[in-house]
file structure.pdb (PDB, C-alpha atoms, pLDDT in the B column)
MODEL        1
ATOM      1  CA  MET X   1     -24.665  -9.060 -20.468  1.00 46.00           C
ATOM      2  CA  GLY X   2     -21.861  -6.972 -21.926  1.00 50.00           C
ATOM      3  CA  ARG X   3     -20.402  -6.249 -18.484  1.00 53.00           C
ATOM      4  CA  LYS X   4     -16.879  -7.467 -17.987  1.00 54.00           C
ATOM      5  CA  SER X   5     -16.021  -8.766 -14.545  1.00 56.00           C
ATOM      6  CA  THR X   6     -12.900  -7.110 -13.199  1.00 78.00           C
ATOM      7  CA  LEU X   7     -10.660  -8.851 -10.730  1.00 85.00           C
ATOM      8  CA  LYS X   8      -9.582  -6.995  -7.644  1.00 93.00           C
ATOM      9  CA  GLU X   9      -5.912  -5.989  -7.641  1.00 96.00           C
ATOM     10  CA  ALA X  10      -3.697  -5.135  -4.682  1.00 96.00           C
ATOM     11  CA  VAL X  11      -0.097  -4.264  -3.936  1.00 97.00           C
ATOM     12  CA  ALA X  12       1.814  -3.838  -0.692  1.00 95.00           C
ATOM     13  CA  LEU X  13       4.739  -1.487  -0.169  1.00 94.00           C
ATOM     14  CA  LYS X  14       7.450  -1.386   2.469  1.00 93.00           C
ATOM     15  CA  TYR X  15       9.615   1.606   3.297  1.00 90.00           C
ATOM     16  CA  SER X  16      12.411   1.466   5.847  1.00 90.00           C
ATOM     17  CA  PRO X  17      14.432   4.673   5.770  1.00 88.00           C
ATOM     18  CA  PRO X  18      17.354   5.204   5.825  1.00 91.00           C
ATOM     19  CA  LYS X  19      18.017   1.611   4.710  1.00 93.00           C
ATOM     20  CA  ASP X  20      15.774   1.953   1.648  1.00 92.00           C
ATOM     21  CA  ALA X  21      16.265   4.781  -0.833  1.00 93.00           C
ATOM     22  CA  ALA X  22      12.602   4.444  -1.856  1.00 94.00           C
ATOM     23  CA  PRO X  23       9.594   2.273  -0.973  1.00 94.00           C
ATOM     24  CA  LYS X  24       9.724  -1.274  -2.345  1.00 96.00           C
ATOM     25  CA  LEU X  25       7.008  -3.528  -3.709  1.00 97.00           C
ATOM     26  CA  MET X  26       6.616  -6.418  -1.276  1.00 97.00           C
ATOM     27  CA  ALA X  27       3.457  -8.126  -2.563  1.00 97.00           C
ATOM     28  CA  LYS X  28       1.131  -7.942  -5.536  1.00 98.00           C
ATOM     29  CA  GLY X  29      -1.768  -9.955  -6.816  1.00 97.00           C
ATOM     30  CA  ARG X  30      -5.136 -10.206  -8.528  1.00 96.00           C
ATOM     31  CA  GLY X  31      -8.321 -11.959  -7.547  1.00 96.00           C
ATOM     32  CA  LEU X  32      -7.931 -14.237  -4.540  1.00 97.00           C
ATOM     33  CA  VAL X  33      -4.317 -13.171  -3.992  1.00 97.00           C
ATOM     34  CA  ALA X  34      -5.391  -9.517  -3.887  1.00 97.00           C
ATOM     35  CA  GLU X  35      -8.142 -10.353  -1.421  1.00 97.00           C
ATOM     36  CA  LYS X  36      -5.594 -12.137   0.799  1.00 97.00           C
ATOM     37  CA  ILE X  37      -3.229  -9.131   0.699  1.00 97.00           C
ATOM     38  CA  ILE X  38      -6.095  -6.854   1.761  1.00 96.00           C
ATOM     39  CA  GLU X  39      -7.254  -9.303   4.437  1.00 97.00           C
ATOM     40  CA  LEU X  40      -3.749  -9.508   5.932  1.00 97.00           C
ATOM     41  CA  ALA X  41      -3.395  -5.726   5.896  1.00 94.00           C
ATOM     42  CA  ARG X  42      -6.675  -5.321   7.770  1.00 95.00           C
ATOM     43  CA  LYS X  43      -5.750  -8.074  10.229  1.00 97.00           C
ATOM     44  CA  HIS X  44      -2.499  -6.293  11.080  1.00 93.00           C
ATOM     45  CA  GLY X  45      -3.993  -2.798  11.208  1.00 87.00           C
ATOM     46  CA  ILE X  46      -2.215  -1.625   8.070  1.00 88.00           C
ATOM     47  CA  PRO X  47      -4.061   1.257   6.379  1.00 86.00           C
ATOM     48  CA  ILE X  48      -5.425   0.539   2.915  1.00 90.00           C
ATOM     49  CA  GLN X  49      -5.459   3.133   0.143  1.00 89.00           C
ATOM     50  CA  GLU X  50      -7.429   2.556  -3.058  1.00 91.00           C
ATOM     51  CA  ASP X  51      -5.853   4.003  -6.204  1.00 90.00           C
ATOM     52  CA  PRO X  52      -6.426   1.894  -9.339  1.00 91.00           C
ATOM     53  CA  ASP X  53      -4.101   4.028 -11.493  1.00 91.00           C
ATOM     54  CA  LEU X  54      -1.243   3.681  -9.013  1.00 93.00           C
ATOM     55  CA  ILE X  55      -1.824  -0.073  -8.733  1.00 93.00           C
ATOM     56  CA  LYS X  56      -1.515  -0.414 -12.530  1.00 93.00           C
ATOM     57  CA  ILE X  57       1.951   1.165 -12.346  1.00 94.00           C
ATOM     58  CA  LEU X  58       3.139  -0.667  -9.242  1.00 95.00           C
ATOM     59  CA  ALA X  59       1.855  -4.072 -10.390  1.00 95.00           C
ATOM     60  CA  GLN X  60       4.356  -3.934 -13.267  1.00 96.00           C
ATOM     61  CA  LEU X  61       7.284  -3.953 -10.820  1.00 97.00           C
ATOM     62  CA  ASP X  62       9.120  -7.042  -9.661  1.00 98.00           C
ATOM     63  CA  LEU X  63       8.881  -7.987  -5.995  1.00 98.00           C
ATOM     64  CA  GLU X  64      11.334  -6.040  -3.812  1.00 97.00           C
ATOM     65  CA  GLU X  65      11.889  -3.520  -6.629  1.00 97.00           C
ATOM     66  CA  GLU X  66      11.903   0.156  -5.628  1.00 97.00           C
ATOM     67  CA  ILE X  67       9.035   2.280  -6.882  1.00 96.00           C
ATOM     68  CA  PRO X  68       9.831   4.474  -9.910  1.00 95.00           C
ATOM     69  CA  PRO X  69      10.468   8.210  -9.427  1.00 95.00           C
ATOM     70  CA  SER X  70       7.315   8.969 -11.445  1.00 94.00           C
ATOM     71  CA  VAL X  71       5.145   7.866  -8.488  1.00 94.00           C
ATOM     72  CA  TYR X  72       7.249   9.298  -5.617  1.00 94.00           C
ATOM     73  CA  GLN X  73       4.846  12.206  -5.057  1.00 94.00           C
ATOM     74  CA  VAL X  74       1.713  10.049  -4.891  1.00 92.00           C
ATOM     75  CA  VAL X  75       3.345   7.466  -2.628  1.00 92.00           C
ATOM     76  CA  ALA X  76       4.781  10.242  -0.416  1.00 90.00           C
ATOM     77  CA  GLU X  77       1.255  11.607   0.094  1.00 90.00           C
ATOM     78  CA  ILE X  78      -0.010   8.140   1.030  1.00 87.00           C
ATOM     79  CA  LEU X  79       2.884   7.608   3.460  1.00 85.00           C
ATOM     80  CA  ALA X  80       2.252  11.021   5.044  1.00 88.00           C
ATOM     81  CA  PHE X  81      -1.382  10.000   5.560  1.00 85.00           C
ATOM     82  CA  VAL X  82      -0.332   6.667   7.102  1.00 81.00           C
ATOM     83  CA  TYR X  83       2.178   8.368   9.419  1.00 81.00           C
ATOM     84  CA  SER X  84      -0.562  10.781  10.496  1.00 84.00           C
ATOM     85  CA  LEU X  85      -2.904   7.880  11.284  1.00 79.00           C
ATOM     86  CA  ASN X  86      -0.162   6.154  13.280  1.00 76.00           C
ATOM     87  CA  ALA X  87       0.501   9.306  15.302  1.00 77.00           C
ATOM     88  CA  GLN X  88      -3.216   9.716  16.045  1.00 78.00           C
ATOM     89  CA  TRP X  89      -3.492   6.076  17.111  1.00 72.00           C
ATOM     90  CA  GLN X  90      -0.500   6.390  19.421  1.00 74.00           C
ATOM     91  CA  GLU X  91      -1.921   9.556  20.957  1.00 77.00           C
ATOM     92  CA  ARG X  92      -5.228   7.827  21.726  1.00 80.00           C
ATOM     93  CA  ASN X  93      -3.954   4.409  22.756  1.00 81.00           C
ATOM     94  CA  ILE X  94      -0.502   4.798  24.237  1.00 74.00           C
ATOM     95  CA  ARG X  95      -0.659   8.177  25.898  1.00 64.00           C
ATOM     96  CA  GLY X  96      -4.250   7.783  27.031  1.00 61.00           C
ATOM     97  CA  GLY X  97      -5.525  10.723  24.961  1.00 56.00           C
TER
ENDMDL
END
call {"tool": "encode", "arguments": {"input": "structure.pdb", "output": "structure tokens"}}
result
Amino acid sequence: MGRKSTLKEAVALKYSPPKDAAPKLMAKGRGLVAEKIIELARKHGIPIQEDPDLIKILAQLDLEEEIPPSVYQVVAEILAFVYSLNAQWQERNIRGG
């Protein structure tokens, strides 16, 4: 009975180079709001990355605030993964590969 129920947390980032110097926090939430963020991401084919430590940092930001330099490397790795997935999807679906 000593188990503490933890609410799901989620954040959403947007990065539009060269307009944005760094990715920005576009949504954040816990519980039902987090579930809605995840649901919308899935609905729109947006890849989801689970990283509780990163979420703790990003959830402290204000909406539309750029991510701090301390997480650039981690977010860059996630973006590289997402770009790779997008390229693979385009190869299979657009070019008939």
call {"tool": "resolve_selection", "arguments": {"input": "structure.pdb", "expression": "the PyMOL selection byres ((chain X and resi 27) around 12)", "output": "PyMOL selection string"}}
result
chain X and resi 9-14+24-26+28-30+33-38+40-41+55+58-65
call {"tool": "axis_aligned_box", "arguments": {"input": "structure.pdb", "around": "segment 38-52 of chain X", "padding_each_side": "4 Å", "output": "lines of an AutoDock Vina configuration file"}}
result
center_x = -4.8
center_y = -2.8
center_z = 0.9
size_x = 13.2
size_y = 21.5
size_z = 28.5
call {"tool": "closest_residue", "arguments": {"input": "structure.pdb", "among": "X:Val82, X:Ala87, X:Lys56, X:Gly31", "to": "Thr6 of chain X", "atoms": "only C-alpha atoms"}}
result
X:Gly31
call {"tool": "atom_distance", "arguments": {"input": "structure.pdb", "atom1": "atom CA of Glu77 of chain X", "atom2": "atom CA of Asp53 of chain X"}}
result
14.8 Å
call {"tool": "residues_near_point", "arguments": {"input": "structure.pdb", "point": "(-2.0, 7.9, 9.8)", "cutoff": "12 Å", "atoms": "all atoms listed in the file", "output": "MDAnalysis selection string"}}
result
chainID X and resid 45:49 77:91
call {"tool": "closest_residue", "arguments": {"input": "structure.pdb", "among": "X:Pro23, X:Ser16, X:His44, X:Arg92", "to": "Val74 of chain X", "atoms": "only C-alpha atoms"}}
result
X:Pro23
call {"tool": "atom_distance", "arguments": {"input": "structure.pdb", "atom1": "atom CA of Lys19 of chain X", "atom2": "atom CA of Ser70 of chain X"}}
result
20.7 Å
call {"tool": "atom_distance", "arguments": {"input": "structure.pdb", "atom1": "atom CA of Lys43 of chain X", "atom2": "atom CA of Val71 of chain X"}}
result
26.9 Å
call {"tool": "closest_residue", "arguments": {"input": "structure.pdb", "among": "X:Gln73, X:Lys8, X:Pro17, X:Glu66", "to": "Glu50 of chain X", "atoms": "all atoms listed in the file"}}
result
X:Lys8
call {"tool": "decode", "arguments": {"input": "structure.pdb", "residues": "chain X", "atoms": "C-alpha atoms", "output": "PDB file, in the first residue's frame"}}
result
ATOM      1  CA  MET X   1       0.000   0.000   0.000  1.00  0.00           C
ATOM      2  CA  GLY X   2       3.042   2.252   0.170  1.00  0.00           C
ATOM      3  CA  ARG X   3       3.138   2.666  -3.613  1.00  0.00           C
ATOM      4  CA  LYS X   4       2.756   6.209  -4.813  1.00  0.00           C
ATOM      5  CA  SER X   5       0.824   6.697  -8.024  1.00  0.00           C
ATOM      6  CA  THR X   6       2.777   8.795 -10.488  1.00  0.00           C
ATOM      7  CA  LEU X   7       1.048  10.904 -13.079  1.00  0.00           C
ATOM      8  CA  LYS X   8       2.198  10.685 -16.650  1.00  0.00           C
ATOM      9  CA  GLU X   9       4.053  13.774 -17.874  1.00  0.00           C
ATOM     10  CA  ALA X  10       4.594  14.949 -21.442  1.00  0.00           C
ATOM     11  CA  VAL X  11       6.102  17.861 -23.317  1.00  0.00           C
ATOM     12  CA  ALA X  12       6.091  18.828 -26.981  1.00  0.00           C
ATOM     13  CA  LEU X  13       8.865  20.699 -28.758  1.00  0.00           C
ATOM     14  CA  LYS X  14       8.918  22.634 -32.009  1.00  0.00           C
ATOM     15  CA  TYR X  15      12.014  23.538 -33.990  1.00  0.00           C
ATOM     16  CA  SER X  16      11.888  25.646 -37.134  1.00  0.00           C
ATOM     17  CA  PRO X  17      15.395  26.536 -38.269  1.00  0.00           C
ATOM     18  CA  PRO X  18      16.606  29.069 -39.238  1.00  0.00           C
ATOM     19  CA  LYS X  19      13.741  31.035 -37.652  1.00  0.00           C
ATOM     20  CA  ASP X  20      14.332  29.483 -34.222  1.00  0.00           C
ATOM     21  CA  ALA X  21      17.760  29.571 -32.597  1.00  0.00           C
ATOM     22  CA  ALA X  22      16.806  26.491 -30.551  1.00  0.00           C
ATOM     23  CA  PRO X  23      13.794  24.196 -30.108  1.00  0.00           C
ATOM     24  CA  LYS X  24      10.909  25.706 -28.140  1.00  0.00           C
ATOM     25  CA  LEU X  25       8.507  24.173 -25.651  1.00  0.00           C
ATOM     26  CA  MET X  26       5.060  24.205 -27.246  1.00  0.00           C
ATOM     27  CA  ALA X  27       3.032  22.075 -24.816  1.00  0.00           C
ATOM     28  CA  LYS X  28       3.432  20.477 -21.414  1.00  0.00           C
ATOM     29  CA  GLY X  29       1.184  18.682 -19.002  1.00  0.00           C
ATOM     30  CA  ARG X  30       0.574  15.991 -16.408  1.00  0.00           C
ATOM     31  CA  GLY X  31      -2.121  13.381 -16.092  1.00  0.00           C
ATOM     32  CA  LEU X  32      -4.960  13.829 -18.566  1.00  0.00           C
ATOM     33  CA  VAL X  33      -3.213  16.735 -20.299  1.00  0.00           C
ATOM     34  CA  ALA X  34      -0.119  14.579 -20.835  1.00  0.00           C
ATOM     35  CA  GLU X  35      -2.259  11.777 -22.219  1.00  0.00           C
ATOM     36  CA  LYS X  36      -3.883  14.236 -24.653  1.00  0.00           C
ATOM     37  CA  ILE X  37      -0.471  15.512 -25.821  1.00  0.00           C
ATOM     38  CA  ILE X  38       0.634  11.925 -26.481  1.00  0.00           C
ATOM     39  CA  GLU X  39      -2.663  11.058 -28.180  1.00  0.00           C
ATOM     40  CA  LEU X  40      -2.382  14.063 -30.516  1.00  0.00           C
ATOM     41  CA  ALA X  41       1.229  13.220 -31.342  1.00  0.00           C
ATOM     42  CA  ARG X  42       0.269   9.664 -32.274  1.00  0.00           C
ATOM     43  CA  LYS X  43      -2.727  10.870 -34.286  1.00  0.00           C
ATOM     44  CA  HIS X  44      -0.489  13.153 -36.346  1.00  0.00           C
ATOM     45  CA  GLY X  45       2.346  10.651 -36.755  1.00  0.00           C
ATOM     46  CA  ILE X  46       4.739  12.585 -34.538  1.00  0.00           C
ATOM     47  CA  PRO X  47       7.415  10.326 -33.017  1.00  0.00           C
ATOM     48  CA  ILE X  48       7.352  10.003 -29.241  1.00  0.00           C
ATOM     49  CA  GLN X  49      10.510   9.738 -27.150  1.00  0.00           C
ATOM     50  CA  GLU X  50      10.354   8.755 -23.480  1.00  0.00           C
ATOM     51  CA  ASP X  51      12.953  10.416 -21.254  1.00  0.00           C
ATOM     52  CA  PRO X  52      11.709  11.193 -17.725  1.00  0.00           C
ATOM     53  CA  ASP X  53      14.862  13.130 -16.777  1.00  0.00           C
ATOM     54  CA  LEU X  54      14.579  15.374 -19.830  1.00  0.00           C
ATOM     55  CA  ILE X  55      10.871  15.948 -19.176  1.00  0.00           C
ATOM     56  CA  LYS X  56      11.669  17.127 -15.626  1.00  0.00           C
ATOM     57  CA  ILE X  57      13.956  19.811 -17.080  1.00  0.00           C
ATOM     58  CA  LEU X  58      11.704  20.841 -19.956  1.00  0.00           C
ATOM     59  CA  ALA X  59       8.534  20.949 -17.835  1.00  0.00           C
ATOM     60  CA  GLN X  60      10.076  23.821 -15.855  1.00  0.00           C
ATOM     61  CA  LEU X  61      10.125  26.036 -18.963  1.00  0.00           C
ATOM     62  CA  ASP X  62       7.400  28.461 -19.939  1.00  0.00           C
ATOM     63  CA  LEU X  63       5.460  27.773 -23.126  1.00  0.00           C
ATOM     64  CA  GLU X  64       7.287  28.989 -26.250  1.00  0.00           C
ATOM     65  CA  GLU X  65      10.537  29.301 -24.265  1.00  0.00           C
ATOM     66  CA  GLU X  66      13.681  27.961 -25.950  1.00  0.00           C
ATOM     67  CA  ILE X  67      15.276  24.900 -24.404  1.00  0.00           C
ATOM     68  CA  PRO X  68      18.340  25.582 -22.222  1.00  0.00           C
ATOM     69  CA  PRO X  69      21.838  24.908 -23.606  1.00  0.00           C
ATOM     70  CA  SER X  70      22.302  22.167 -20.987  1.00  0.00           C
ATOM     71  CA  VAL X  71      19.925  19.885 -22.940  1.00  0.00           C
ATOM     72  CA  TYR X  72      20.999  20.794 -26.509  1.00  0.00           C
ATOM     73  CA  GLN X  73      22.943  17.544 -26.954  1.00  0.00           C
ATOM     74  CA  VAL X  74      20.108  15.276 -25.805  1.00  0.00           C
ATOM     75  CA  VAL X  75      17.501  17.125 -27.864  1.00  0.00           C
ATOM     76  CA  ALA X  76      19.835  17.134 -30.899  1.00  0.00           C
ATOM     77  CA  GLU X  77      20.077  13.333 -30.674  1.00  0.00           C
ATOM     78  CA  ILE X  78      16.285  13.046 -30.504  1.00  0.00           C
ATOM     79  CA  LEU X  79      15.853  15.392 -33.484  1.00  0.00           C
ATOM     80  CA  ALA X  80      18.430  13.413 -35.483  1.00  0.00           C
ATOM     81  CA  PHE X  81      16.429  10.255 -34.753  1.00  0.00           C
ATOM     82  CA  VAL X  82      13.177  11.948 -35.822  1.00  0.00           C
ATOM     83  CA  TYR X  83      14.752  13.265 -39.038  1.00  0.00           C
ATOM     84  CA  SER X  84      16.011   9.749 -39.774  1.00  0.00           C
ATOM     85  CA  LEU X  85      12.514   8.318 -39.280  1.00  0.00           C
ATOM     86  CA  ASN X  86      11.055  10.985 -41.569  1.00  0.00           C
ATOM     87  CA  ALA X  87      13.595  10.198 -44.287  1.00  0.00           C
ATOM     88  CA  GLN X  88      12.840   6.469 -44.036  1.00  0.00           C
ATOM     89  CA  TRP X  89       9.099   7.128 -44.227  1.00  0.00           C
ATOM     90  CA  GLN X  90       9.510   9.325 -47.291  1.00  0.00           C
ATOM     91  CA  GLU X  91      11.674   6.702 -48.977  1.00  0.00           C
ATOM     92  CA  ARG X  92       9.028   4.015 -48.432  1.00  0.00           C
ATOM     93  CA  ASN X  93       5.892   6.048 -49.065  1.00  0.00           C
ATOM     94  CA  ILE X  94       6.715   8.821 -51.493  1.00  0.00           C
ATOM     95  CA  ARG X  95       9.359   7.278 -53.691  1.00  0.00           C
ATOM     96  CA  GLY X  96       7.783   3.836 -53.678  1.00  0.00           C
ATOM     97  CA  GLY X  97      10.759   2.167 -51.972  1.00  0.00           C
TER      98      GLY X  97
END
